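Novice: This is run.csv (CSV, C-alpha atoms and all ligand atoms).
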chain,number,residue,atom,x,y,z
D,1,MET,CA,84.5,77.7,109.0
D,2,ALA,CA,84.9,78.3,105.2
D,3,GLU,CA,88.1,79.9,103.9
D,4,ALA,CA,87.9,83.7,103.3
D,5,ARG,CA,87.2,85.1,99.9
D,6,ILE,CA,90.5,86.3,98.4
D,7,ILE,CA,90.4,89.9,97.2
D,8,ASP,CA,92.6,89.6,94.1
D,9,GLY,CA,94.2,92.9,93.2
D,10,ARG,CA,94.9,92.0,89.6
D,11,PRO,CA,91.4,92.1,88.0
D,12,ILE,CA,90.4,95.1,90.0
D,13,ALA,CA,93.6,97.0,89.0
D,14,GLU,CA,93.1,95.9,85.3
D,15,GLN,CA,89.5,97.1,85.3
D,16,LEU,CA,90.6,100.5,86.8
D,17,GLN,CA,93.4,100.8,84.2
D,18,ALA,CA,90.9,100.1,81.4
D,19,GLN,CA,88.5,102.7,82.9
D,20,VAL,CA,91.3,105.3,83.0
D,21,ALA,CA,92.3,104.5,79.4
D,22,ALA,CA,88.6,105.0,78.3
D,23,GLU,CA,88.4,108.3,80.1
D,24,VAL,CA,91.7,109.5,78.6
D,25,ALA,CA,90.4,108.7,75.1
D,26,GLN,CA,87.2,110.6,75.8
D,27,LEU,CA,89.1,113.7,77.2
D,28,LYS,CA,91.2,113.7,74.0
D,29,ALA,CA,88.2,113.3,71.7
D,30,GLU,CA,85.9,115.8,73.4
D,31,HIS,CA,88.2,118.3,74.9
D,32,GLY,CA,91.6,117.9,73.0
D,33,LEU,CA,93.1,117.2,76.4
D,34,THR,CA,95.8,114.6,77.1
D,35,PRO,CA,96.4,114.1,80.8
D,36,GLY,CA,100.2,114.3,81.5
D,37,LEU,CA,102.2,112.7,84.3
D,38,ALA,CA,105.7,113.6,85.3
D,39,VAL,CA,107.6,111.2,87.6
D,40,VAL,CA,110.9,112.4,89.2
D,41,LEU,CA,113.4,109.8,90.4
D,42,VAL,CA,116.6,110.9,92.2
D,43,GLY,CA,119.3,108.3,92.5
D,44,GLU,CA,119.6,104.6,91.9
D,45,ASP,CA,117.4,102.8,94.5
D,46,PRO,CA,116.6,99.5,92.7
D,47,ALA,CA,113.0,99.2,94.1
D,48,SER,CA,112.3,102.8,93.1
D,49,GLN,CA,113.6,102.2,89.6
D,50,ILE,CA,111.1,99.3,89.2
D,51,TYR,CA,108.2,101.4,90.5
D,52,VAL,CA,109.1,104.4,88.3
D,53,ARG,CA,109.4,102.2,85.1
D,54,SER,CA,106.0,100.7,85.8
D,55,LYS,CA,104.4,104.1,86.3
D,56,GLY,CA,105.9,105.3,83.0
D,57,GLU,CA,104.8,102.2,81.1
D,58,LYS,CA,101.3,102.1,82.5
D,59,SER,CA,100.6,105.8,81.9
D,60,LEU,CA,101.7,105.5,78.3
D,61,ALA,CA,99.5,102.4,77.9
D,62,ALA,CA,96.5,104.4,79.1
D,63,GLY,CA,97.2,106.9,76.3
D,64,MET,CA,98.6,109.6,78.6
D,65,HIS,CA,101.5,112.0,78.1
D,66,SER,CA,104.3,110.6,80.3
D,67,VAL,CA,107.7,111.9,81.2
D,68,THR,CA,110.2,110.5,83.6
D,69,HIS,CA,113.0,112.7,85.0
D,70,ARG,CA,115.9,110.5,86.2
D,71,LEU,CA,118.3,112.7,88.2
D,72,PRO,CA,121.7,111.6,89.5
D,73,GLU,CA,122.2,110.6,93.2
D,74,GLN,CA,124.2,113.8,93.9
D,75,THR,CA,121.4,116.2,92.7
D,76,THR,CA,121.1,119.2,94.9
D,77,GLN,CA,118.0,120.4,96.8
D,78,GLU,CA,118.1,123.6,94.6
D,79,ALA,CA,118.2,121.6,91.4
D,80,LEU,CA,115.3,119.4,92.5
D,81,LEU,CA,113.2,122.4,93.6
D,82,ALA,CA,113.9,124.0,90.2
D,83,LEU,CA,112.6,120.9,88.4
D,84,VAL,CA,109.5,120.9,90.5
D,85,ALA,CA,108.9,124.6,89.7
D,86,GLU,CA,109.4,123.9,86.0
D,87,LEU,CA,106.8,121.0,86.1
D,88,ASN,CA,104.4,123.2,88.1
D,89,ALA,CA,104.5,125.7,85.2
D,90,ASP,CA,104.3,123.1,82.4
D,91,PRO,CA,100.8,123.1,80.9
D,92,ALA,CA,101.3,119.6,79.5
D,93,ILE,CA,101.8,118.2,83.0
D,94,HIS,CA,98.8,117.6,85.3
D,95,GLY,CA,100.3,115.2,87.8
D,96,ILE,CA,103.7,115.4,89.5
D,97,LEU,CA,105.1,112.5,91.5
D,98,VAL,CA,108.5,112.7,93.3
D,99,GLN,CA,109.5,109.1,94.0
D,100,LEU,CA,110.2,108.5,97.7
D,101,PRO,CA,112.4,107.9,99.5
D,102,LEU,CA,114.8,110.7,98.4
D,103,PRO,CA,118.6,110.2,98.9
D,104,LYS,CA,119.6,111.1,102.5
D,105,HIS,CA,121.2,114.5,101.7
D,106,LEU,CA,117.9,115.8,100.4
D,107,ASP,CA,115.1,117.3,102.5
D,108,GLN,CA,111.8,115.7,101.5
D,109,GLY,CA,109.4,118.2,103.3
D,110,PRO,CA,110.2,121.3,101.2
D,111,VAL,CA,110.2,119.3,98.0
D,112,ILE,CA,106.7,118.0,98.7
D,113,ALA,CA,105.6,121.4,99.8
D,114,ALA,CA,106.8,122.9,96.5
D,115,ILE,CA,104.5,120.7,94.4
D,116,ASP,CA,101.4,122.6,93.1
D,117,PRO,CA,98.5,121.0,95.2
D,118,ALA,CA,96.5,120.9,91.9
D,119,LYS,CA,99.2,118.6,90.5
D,120,ASP,CA,99.9,116.6,93.7
D,121,VAL,CA,98.8,113.2,92.5
D,122,ASP,CA,100.4,111.5,95.4
D,123,GLY,CA,98.2,113.5,97.7
D,124,LEU,CA,101.0,114.4,100.1
D,125,THR,CA,100.8,118.2,100.3
D,126,THR,CA,99.3,119.6,103.5
D,127,ILE,CA,96.7,121.3,101.3
D,128,ASN,CA,95.4,118.0,100.0
D,129,ALA,CA,95.6,116.3,103.4
D,130,GLY,CA,93.7,119.2,104.9
D,131,LEU,CA,91.0,119.1,102.2
D,132,LEU,CA,90.6,115.3,102.7
D,133,ALA,CA,90.4,115.8,106.5
D,134,SER,CA,87.7,118.4,105.9
D,135,GLY,CA,85.7,116.1,103.7
D,136,LEU,CA,86.3,118.3,100.6
D,137,PRO,CA,87.4,117.1,97.1
D,138,ALA,CA,91.1,116.4,97.3
D,139,LEU,CA,93.8,114.5,95.5
D,140,THR,CA,94.1,111.5,97.8
D,141,PRO,CA,97.2,109.2,98.3
D,142,CYS,CA,97.1,106.3,95.8
D,143,THR,CA,97.4,103.3,98.1
D,144,PRO,CA,94.4,104.5,100.4
D,145,LEU,CA,92.4,105.1,97.2
D,146,GLY,CA,93.2,101.6,96.1
D,147,CYS,CA,92.1,100.1,99.4
D,148,MET,CA,88.7,101.9,99.2
D,149,ILE,CA,88.1,100.6,95.6
D,150,MET,CA,88.8,97.1,96.8
D,151,LEU,CA,86.5,97.5,99.8
D,152,ARG,CA,83.7,98.8,97.7
D,153,GLU,CA,84.2,96.0,95.2
D,154,THR,CA,84.0,93.5,98.0
D,155,LEU,CA,81.3,94.9,100.3
D,156,GLY,CA,79.3,97.5,98.3
D,157,SER,CA,78.1,100.0,100.8
D,158,LEU,CA,80.4,100.5,103.8
D,159,SER,CA,77.9,102.6,105.7
D,160,GLY,CA,77.7,102.0,109.5
D,161,LEU,CA,80.5,99.4,109.5
D,162,ARG,CA,83.2,99.4,112.3
D,163,ALA,CA,86.6,100.0,110.7
D,164,VAL,CA,89.9,99.8,112.5
D,165,VAL,CA,93.1,101.1,110.8
D,166,VAL,CA,96.4,100.0,112.3
D,167,GLY,CA,98.9,102.7,111.4
D,168,ARG,CA,98.7,106.5,111.3
D,169,SER,CA,101.2,107.6,108.7
D,170,VAL,CA,100.5,110.6,106.4
D,171,LEU,CA,100.9,108.4,103.4
D,172,VAL,CA,98.7,105.4,104.4
D,173,GLY,CA,97.0,105.2,107.8
D,174,ARG,CA,95.6,108.7,108.2
D,175,PRO,CA,94.2,109.1,104.6
D,176,ILE,CA,92.6,105.6,104.7
D,177,ALA,CA,90.9,106.5,108.0
D,178,GLN,CA,89.6,109.7,106.4
D,179,LEU,CA,88.2,107.9,103.4
D,180,LEU,CA,86.5,105.3,105.6
D,181,LEU,CA,84.9,108.1,107.6
D,182,GLN,CA,83.7,109.7,104.4
D,183,ALA,CA,82.2,106.3,103.5
D,184,ASP,CA,80.2,106.5,106.8
D,185,CYS,CA,82.2,103.9,108.7
D,186,THR,CA,82.8,104.3,112.4
D,187,VAL,CA,86.6,104.5,112.5
D,188,THR,CA,89.3,103.8,115.0
D,189,ILE,CA,92.9,104.6,114.3
D,190,ALA,CA,95.3,102.3,116.1
D,191,HIS,CA,99.1,102.8,116.4
D,192,SER,CA,102.2,101.7,118.3
D,193,ARG,CA,100.9,103.1,121.6
D,194,THR,CA,97.4,101.5,121.4
D,195,LYS,CA,96.6,99.5,124.4
D,196,ASP,CA,95.4,95.9,123.8
D,197,LEU,CA,95.6,96.1,120.0
D,198,PRO,CA,94.2,92.6,119.5
D,199,ALA,CA,91.0,93.6,121.3
D,200,VAL,CA,90.7,96.8,119.3
D,201,CYS,CA,91.2,94.9,116.0
D,202,ARG,CA,88.5,92.3,117.1
D,203,GLU,CA,85.9,95.0,117.0
D,204,ALA,CA,86.4,95.6,113.3
D,205,ASP,CA,84.1,94.7,110.4
D,206,ILE,CA,86.8,96.2,108.3
D,207,LEU,CA,90.4,95.8,109.4
D,208,VAL,CA,93.1,97.7,107.6
D,209,ALA,CA,96.7,96.7,108.6
D,210,ALA,CA,99.2,99.3,107.6
D,211,ALA,CA,101.9,99.1,110.3
D,212,GLY,CA,104.9,97.7,108.4
D,213,GLN,CA,105.2,94.8,110.9
D,214,PRO,CA,105.5,91.4,109.3
D,215,GLN,CA,102.6,89.1,110.0
D,216,MET,CA,101.7,90.9,113.2
D,217,VAL,CA,97.9,90.5,112.9
D,218,LYS,CA,97.0,87.0,114.0
D,219,ALA,CA,93.8,85.0,113.4
D,220,ASP,CA,92.6,85.6,117.0
D,221,TRP,CA,92.7,89.4,116.3
D,222,ILE,CA,90.1,89.1,113.7
D,223,LYS,CA,86.3,89.1,114.1
D,224,ALA,CA,84.7,86.1,112.3
D,225,GLY,CA,83.7,87.2,108.8
D,226,ALA,CA,85.5,90.5,108.8
D,227,THR,CA,87.1,92.0,105.7
D,228,VAL,CA,90.9,92.3,106.0
D,229,ILE,CA,92.9,94.7,103.9
D,230,ASP,CA,96.6,94.1,104.3
D,231,VAL,CA,98.7,97.1,103.1
D,232,GLY,CA,102.0,95.9,104.5
D,233,ILE,CA,104.9,95.1,102.3
D,234,ASN,CA,107.7,93.6,104.3
D,235,ARG,CA,110.8,91.7,103.1
D,236,VAL,CA,111.7,88.9,105.4
D,237,PRO,CA,114.3,86.0,105.2
D,238,PHE,CA,113.0,82.6,104.2
D,239,ARG,CA,112.4,80.1,107.0
D,240,ASP,CA,114.2,77.5,104.9
D,241,PRO,CA,117.8,77.7,106.3
D,242,VAL,CA,119.3,77.0,102.8
D,243,LYS,CA,117.5,79.9,101.2
D,244,ALA,CA,118.0,82.1,104.2
D,245,ALA,CA,121.7,81.4,104.2
D,246,ALA,CA,121.8,82.4,100.5
D,247,GLY,CA,120.4,85.8,101.6
D,248,LYS,CA,117.1,85.2,99.8
D,249,THR,CA,114.0,87.1,101.0
D,250,LYS,CA,110.3,87.0,100.4
D,251,VAL,CA,107.5,89.6,100.7
D,252,VAL,CA,104.9,89.2,103.4
D,253,GLY,CA,102.1,91.5,104.7
D,254,ASP,CA,101.2,92.8,108.1
D,255,VAL,CA,98.7,89.9,108.5
D,256,ASP,CA,99.5,86.3,109.2
D,257,TYR,CA,97.6,85.4,106.0
D,258,LYS,CA,97.3,81.6,106.4
D,259,SER,CA,95.7,81.6,109.8
D,260,ALA,CA,93.7,84.9,109.2
D,261,ALA,CA,92.1,83.4,106.0
D,262,LYS,CA,90.4,80.8,108.2
D,263,VAL,CA,88.6,83.5,110.2
D,264,ALA,CA,88.1,86.5,107.9
D,265,GLY,CA,85.2,86.7,105.4
D,266,ALA,CA,87.5,88.3,102.8
D,267,ILE,CA,91.2,89.1,102.7
D,268,THR,CA,93.8,90.7,100.4
D,269,PRO,CA,96.9,88.6,99.7
D,270,VAL,CA,100.5,89.9,99.8
D,271,PRO,CA,101.8,90.1,97.2
D,272,GLY,CA,98.9,90.3,94.7
D,273,GLY,CA,96.5,92.6,96.7
D,274,VAL,CA,96.7,96.3,97.5
D,275,GLY,CA,100.1,96.7,96.0
D,276,LEU,CA,98.7,96.1,92.5
D,277,MET,CA,96.2,99.0,92.8
D,278,THR,CA,98.7,101.8,93.5
D,279,VAL,CA,99.8,102.6,90.0
D,280,ALA,CA,96.3,102.4,88.5
D,281,CYS,CA,95.2,104.8,91.2
D,282,LEU,CA,98.0,107.2,90.3
D,283,LEU,CA,96.7,107.3,86.7
D,284,LYS,CA,93.2,107.8,88.0
D,285,ASN,CA,94.5,110.8,90.1
D,286,THR,CA,96.3,112.3,87.1
D,287,VAL,CA,93.0,112.2,85.1
D,288,THR,CA,91.2,113.7,88.0
D,289,ALA,CA,93.8,116.5,88.3
D,290,ALA,CA,93.7,117.2,84.5
D,291,LYS,CA,89.9,117.5,84.6
D,292,ARG,CA,90.0,119.8,87.7
D,293,ILE,CA,92.7,122.0,86.2
D,294,HIS,CA,90.6,122.4,83.0
D,295,GLY,CA,87.3,122.8,84.8
D,296,ILE,CA,85.8,119.6,83.3
D,297,GLU,CA,83.0,118.1,85.4
D,298,GLY,CA,82.5,114.5,86.1
J,301,LIG,P1,105.2,104.0,108.6
J,301,LIG,O1,106.4,103.3,109.2
J,301,LIG,O2,105.3,105.4,108.2
J,301,LIG,O3,104.0,103.9,109.7
J,301,LIG,C1,103.7,102.8,110.4
J,301,LIG,C2,102.5,103.0,111.3
J,301,LIG,O4,102.2,101.8,112.0
J,301,LIG,C3,102.8,104.1,112.4
J,301,LIG,O5,101.7,104.9,112.6
J,301,LIG,C4,103.1,103.2,113.6
J,301,LIG,O6,102.7,103.8,114.8
J,301,LIG,C5,102.3,102.0,113.4
J,301,LIG,N1,102.9,100.8,114.0
J,301,LIG,C6,104.2,100.4,113.9
J,301,LIG,N2,104.3,99.3,114.6
J,301,LIG,C7,103.2,99.0,115.2
J,301,LIG,C8,102.7,98.0,116.2
J,301,LIG,N3,103.6,97.1,116.6
J,301,LIG,N4,101.5,98.1,116.6
J,301,LIG,C9,100.6,99.0,116.2
J,301,LIG,N5,101.0,100.0,115.3
J,301,LIG,C10,102.2,100.0,114.8
J,301,LIG,O7,104.7,103.0,107.4
J,301,LIG,P2,103.8,103.4,106.1
J,301,LIG,O8,102.5,103.9,106.6
J,301,LIG,O9,104.5,104.2,105.1
J,301,LIG,O10,103.6,101.9,105.5
J,301,LIG,C11,103.0,100.9,106.3
J,301,LIG,C12,103.1,99.6,105.5
J,301,LIG,O11,102.5,99.7,104.3
J,301,LIG,C13,104.6,99.2,105.2
J,301,LIG,O12,104.7,97.8,105.3
J,301,LIG,C14,104.8,99.7,103.8
J,301,LIG,O13,105.8,99.0,103.1
J,301,LIG,C15,103.4,99.4,103.2
J,301,LIG,N6,103.1,100.2,102.0
J,301,LIG,C16,102.5,99.5,101.0
J,301,LIG,C17,102.1,100.2,99.9
J,301,LIG,C18,101.4,99.5,98.8
J,301,LIG,O14,101.3,99.9,97.7
J,301,LIG,N7,100.7,98.3,99.2
J,301,LIG,C19,102.3,101.6,99.7
J,301,LIG,C20,102.9,102.3,100.9
J,301,LIG,C21,103.3,101.6,102.0
J,301,LIG,P3,103.4,105.1,115.4
J,301,LIG,O15,102.8,106.3,114.6
J,301,LIG,O16,102.9,105.1,116.8
J,301,LIG,O17,104.8,105.0,115.3
Take the structure in the file and give it back as structure tokens.
Ligand code: NDP
Specialist:
Amino acid sequence: MAEARIIDGRPIAEQLQAQVAAEVAQLKAEHGLTPGLAVVLVGEDPASQIYVRSKGEKSLAAGMHSVTHRLPEQTTQEALLALVAELNADPAIHGILVQLPLPKHLDQGPVIAAIDPAKDVDGLTTINAGLLASGLPALTPCTPLGCMIMLRETLGSLSGLRAVVVGRSVLVGRPIAQLLLQADCTVTIAHSRTKDLPAVCREADILVAAAGQPQMVKADWIKAGATVIDVGINRVPFRDPVKAAAGKTKVVGDVDYKSAAKVAGAITPVPGGVGLMTVACLLKNTVTAAKRIHGIEG
């Protein structure tokens, strides 16, 4: 059988970033509106520092107003909630993203709940989750949005296809399943208690792996010709004992890519797939939020 088509995240993300930039230019010219994104980072987590820098740079490159609040590790819950309240009230800000995970002494739930749902560009408030589950216009989490753009780019219409999502988290699995349902797929959500997971996965025309389990999905879990979206980002030690001994790690997905590519019709690589879409989708959500706040159609 022929090797699967590789769904390369880079050109799709670049195209989306260019579309966002064009829309920002239009909003400025026609409505005098500059979409604004505020990113809040608490503490020194190295991976979060990289993500936050990228979000700041890409929003500026798209012509948006962009502010990054870097707060010290020992920031209190009250101080963080006060900053969220300030950003909720700031008319120049249309999107608020609090970078997760927060340091252990902070309680994530109340912080997310404090974000104005109209500015919740990470789509994490229960209001946005509820709107999405009701099939109403919502701000949708960025990674699921990215998965859908990649699927549409690959397959066109998704109507009537059997979709299996492995994972049921609020951030990834559940919203992806809701978006697939909205796209008229027949959707199964699998999780750690699912019986005979390989057999469930084999039913899928679209298989989304979002379990956080390195290379769990094997070739014989995949229906021939299926489209496989690998959301997983897992750091594992190198097999090479010298590199492993030096503490070096590499990133792999939830799918055993090499063997899966021999069976699937199309597949996203890790790295280089879904992960590249997330920031572009954040910018898209910020533009959507700005338009909704100002009552601009389209
Ligand atoms: P969570 O740990 O919050 O959720 C994992 C889900 O997978 C749970 O629903 C869990 O089931 C299920 N699961 C775990 N183990 C198994 C198993 N052996 N068989 C079947 N289901 C299982 O993770 P997230 O949803 O936040 O993230 C999932 C993956 O996606 C991670 O690798 C993460 O790094 C990555 N990620 C990638 C992003 C990107 O930009 N590409 C963005 C966000 C996340 P149960 O509910 O029963 O416990």
Novice: Would you list the contacts of Leu132 of chain D as a ChimeraX atom specification, taking every protein, DNA or RNA residue within 8 Å and counting only C-alpha atoms, but skipping same-chain residues closer than 6 positions in sequence?
Specialist: /D:138-140,175,178-179
Novice: Ranking D:Arg10, D:Lys119, D:Lys262, D:Lys55 by minimum distance to Ile93 of chain D and counting only C-alpha atoms, which one comes first?
Specialist: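 Looking at the shortest contact to Ile93 of chain D, the residue is D:Lys119.
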Novice: Using only C-alpha atoms and all ligand atoms, which residue out of D:Thr154, D:Ser259, D:Gln99, D:Thr125 lies closest to ligand LIG 301 (chain J)?
Specialist: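 Closest candidate: D:Gln99.
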Novice: Using all atoms listed in the file, which of the listed residues (D:Ala199, D:Ala82, D:Leu100, D:Ala38) sits closest to Tyr51 of chain D?
Specialist: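 Closest residue, counting all atoms listed in the file: D:Leu100.
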Novice: Set the distance at 8 Å and use all atoms listed in the file: which residues neighbour segment 106-115 of chain D once local chain neighbours fewer than 6 positions away are removed? I'd like the list as a list in words.
Specialist: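 Using all atoms listed in the file, the neighbours found are Thr76, Gln77, Leu80, Leu81, Val84, Ala85, Asn88, Ile96, Val98, Leu124, Thr125 and Thr126 of chain D.
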Novice: Restricted to C-alpha atoms, what would the selected residues look like written as a CSV table (one decimal), in the coordinates of the input?
Specialist:
chain,number,residue,atom,x,y,z
D,76,THR,CA,121.1,119.2,94.9
D,77,GLN,CA,118.0,120.4,96.8
D,80,LEU,CA,115.3,119.4,92.5
D,81,LEU,CA,113.2,122.4,93.6
D,84,VAL,CA,109.5,120.9,90.5
D,85,ALA,CA,108.9,124.6,89.7
D,88,ASN,CA,104.4,123.2,88.1
D,96,ILE,CA,103.7,115.4,89.5
D,98,VAL,CA,108.5,112.7,93.3
D,124,LEU,CA,101.0,114.4,100.1
D,125,THR,CA,100.8,118.2,100.3
D,126,THR,CA,99.3,119.6,103.5
Novice: Counting only C-alpha atoms and all ligand atoms, name the residues that have an atom within 6 Å of an atom of ligand LIG 301 (chain J); the answer should be given as a JSON list (two decimals) with C-alpha atoms, in the coordinates of the input.
Specialist:
[["chain", "number", "residue", "atom", "x", "y", "z"],
["D", 143, "THR", "CA", 97.40, 103.30, 98.10],
["D", 166, "VAL", "CA", 96.40, 100.00, 112.30],
["D", 167, "GLY", "CA", 98.90, 102.70, 111.40],
["D", 168, "ARG", "CA", 98.70, 106.50, 111.30],
["D", 169, "SER", "CA", 101.20, 107.60, 108.70],
["D", 171, "LEU", "CA", 100.90, 108.40, 103.40],
["D", 172, "VAL", "CA", 98.70, 105.40, 104.40],
["D", 173, "GLY", "CA", 97.00, 105.20, 107.80],
["D", 191, "HIS", "CA", 99.10, 102.80, 116.40],
["D", 192, "SER", "CA", 102.20, 101.70, 118.30],
["D", 193, "ARG", "CA", 100.90, 103.10, 121.60],
["D", 210, "ALA", "CA", 99.20, 99.30, 107.60],
["D", 211, "ALA", "CA", 101.90, 99.10, 110.30],
["D", 212, "GLY", "CA", 104.90, 97.70, 108.40],
["D", 213, "GLN", "CA", 105.20, 94.80, 110.90],
["D", 231, "VAL", "CA", 98.70, 97.10, 103.10],
["D", 232, "GLY", "CA", 102.00, 95.90, 104.50],
["D", 233, "ILE", "CA", 104.90, 95.10, 102.30],
["D", 234, "ASN", "CA", 107.70, 93.60, 104.30],
["D", 274, "VAL", "CA", 96.70, 96.30, 97.50],
["D", 275, "GLY", "CA", 100.10, 96.70, 96.00],
["D", 278, "THR", "CA", 98.70, 101.80, 93.50]]
Novice: At what distance in Å, to one decimal, does atom CA of Thr286 of chain D lie from atom CA of Gly36 of chain D?
Specialist: 7.1 Å
Novice: Within 12 Å of Arg152 of chain D, counting only C-alpha atoms, which residues show up once you throw out same-chain ones fewer than 3 positions away? Write them as a PyMOL selection string, please.
Specialist: chain D and resi 7+12+145-149+155-159+179-180+183+206+227+229
Novice: Take the residues that were just selected and, keeping C-alpha atoms, output them as a PDB file, in the frame of the given file.
Specialist:
ATOM      1  CA  ILE D   7      90.400  89.900  97.200  1.00  0.00           C
ATOM      2  CA  ILE D  12      90.400  95.100  90.000  1.00  0.00           C
ATOM      3  CA  LEU D 145      92.400 105.100  97.200  1.00  0.00           C
ATOM      4  CA  GLY D 146      93.200 101.600  96.100  1.00  0.00           C
ATOM      5  CA  CYS D 147      92.100 100.100  99.400  1.00  0.00           C
ATOM      6  CA  MET D 148      88.700 101.900  99.200  1.00  0.00           C
ATOM      7  CA  ILE D 149      88.100 100.600  95.600  1.00  0.00           C
ATOM      8  CA  LEU D 155      81.300  94.900 100.300  1.00  0.00           C
ATOM      9  CA  GLY D 156      79.300  97.500  98.300  1.00  0.00           C
ATOM     10  CA  SER D 157      78.100 100.000 100.800  1.00  0.00           C
ATOM     11  CA  LEU D 158      80.400 100.500 103.800  1.00  0.00           C
ATOM     12  CA  SER D 159      77.900 102.600 105.700  1.00  0.00           C
ATOM     13  CA  LEU D 179      88.200 107.900 103.400  1.00  0.00           C
ATOM     14  CA  LEU D 180      86.500 105.300 105.600  1.00  0.00           C
ATOM     15  CA  ALA D 183      82.200 106.300 103.500  1.00  0.00           C
ATOM     16  CA  ILE D 206      86.800  96.200 108.300  1.00  0.00           C
ATOM     17  CA  THR D 227      87.100  92.000 105.700  1.00  0.00           C
ATOM     18  CA  ILE D 229      92.900  94.700 103.900  1.00  0.00           C
TER      19      ILE D 229
END
Novice: Using only C-alpha atoms, which residue out of D:Ala246, D:Val40, D:Val236, D:Leu161 lies closest to Ala204 of chain D?
Specialist: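 Of D:Ala246, D:Val40, D:Val236, D:Leu161, the one nearest Ala204 of chain D, counting only C-alpha atoms, is D:Leu161.
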Novice: If you count only C-alpha atoms, which residues fall within 12 Å of Glu23 of chain D, apart from same-chain ones fewer than 4 positions away, as a PDB file with C-alpha atoms, in the frame of the given file?
Specialist:
ATOM      1  CA  LEU D  16      90.600 100.500  86.800  1.00  0.00           C
ATOM      2  CA  GLN D  17      93.400 100.800  84.200  1.00  0.00           C
ATOM      3  CA  ALA D  18      90.900 100.100  81.400  1.00  0.00           C
ATOM      4  CA  GLN D  19      88.500 102.700  82.900  1.00  0.00           C
ATOM      5  CA  LEU D  27      89.100 113.700  77.200  1.00  0.00           C
ATOM      6  CA  LYS D  28      91.200 113.700  74.000  1.00  0.00           C
ATOM      7  CA  ALA D  29      88.200 113.300  71.700  1.00  0.00           C
ATOM      8  CA  GLU D  30      85.900 115.800  73.400  1.00  0.00           C
ATOM      9  CA  HIS D  31      88.200 118.300  74.900  1.00  0.00           C
ATOM     10  CA  LEU D  33      93.100 117.200  76.400  1.00  0.00           C
ATOM     11  CA  THR D  34      95.800 114.600  77.100  1.00  0.00           C
ATOM     12  CA  PRO D  35      96.400 114.100  80.800  1.00  0.00           C
ATOM     13  CA  ALA D  62      96.500 104.400  79.100  1.00  0.00           C
ATOM     14  CA  GLY D  63      97.200 106.900  76.300  1.00  0.00           C
ATOM     15  CA  MET D  64      98.600 109.600  78.600  1.00  0.00           C
ATOM     16  CA  LEU D 283      96.700 107.300  86.700  1.00  0.00           C
ATOM     17  CA  LYS D 284      93.200 107.800  88.000  1.00  0.00           C
ATOM     18  CA  ASN D 285      94.500 110.800  90.100  1.00  0.00           C
ATOM     19  CA  THR D 286      96.300 112.300  87.100  1.00  0.00           C
ATOM     20  CA  VAL D 287      93.000 112.200  85.100  1.00  0.00           C
ATOM     21  CA  THR D 288      91.200 113.700  88.000  1.00  0.00           C
ATOM     22  CA  ALA D 290      93.700 117.200  84.500  1.00  0.00           C
ATOM     23  CA  LYS D 291      89.900 117.500  84.600  1.00  0.00           C
ATOM     24  CA  GLY D 298      82.500 114.500  86.100  1.00  0.00           C
TER      25      GLY D 298
END
Novice: Which of these residues is nearest to Val20 of chain D, using only C-alpha atoms: D:Lys258, D:Lys104, D:Arg70, D:Lys58?
Specialist: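 That would be D:Lys58, the residue with the smallest distance to Val20 of chain D.
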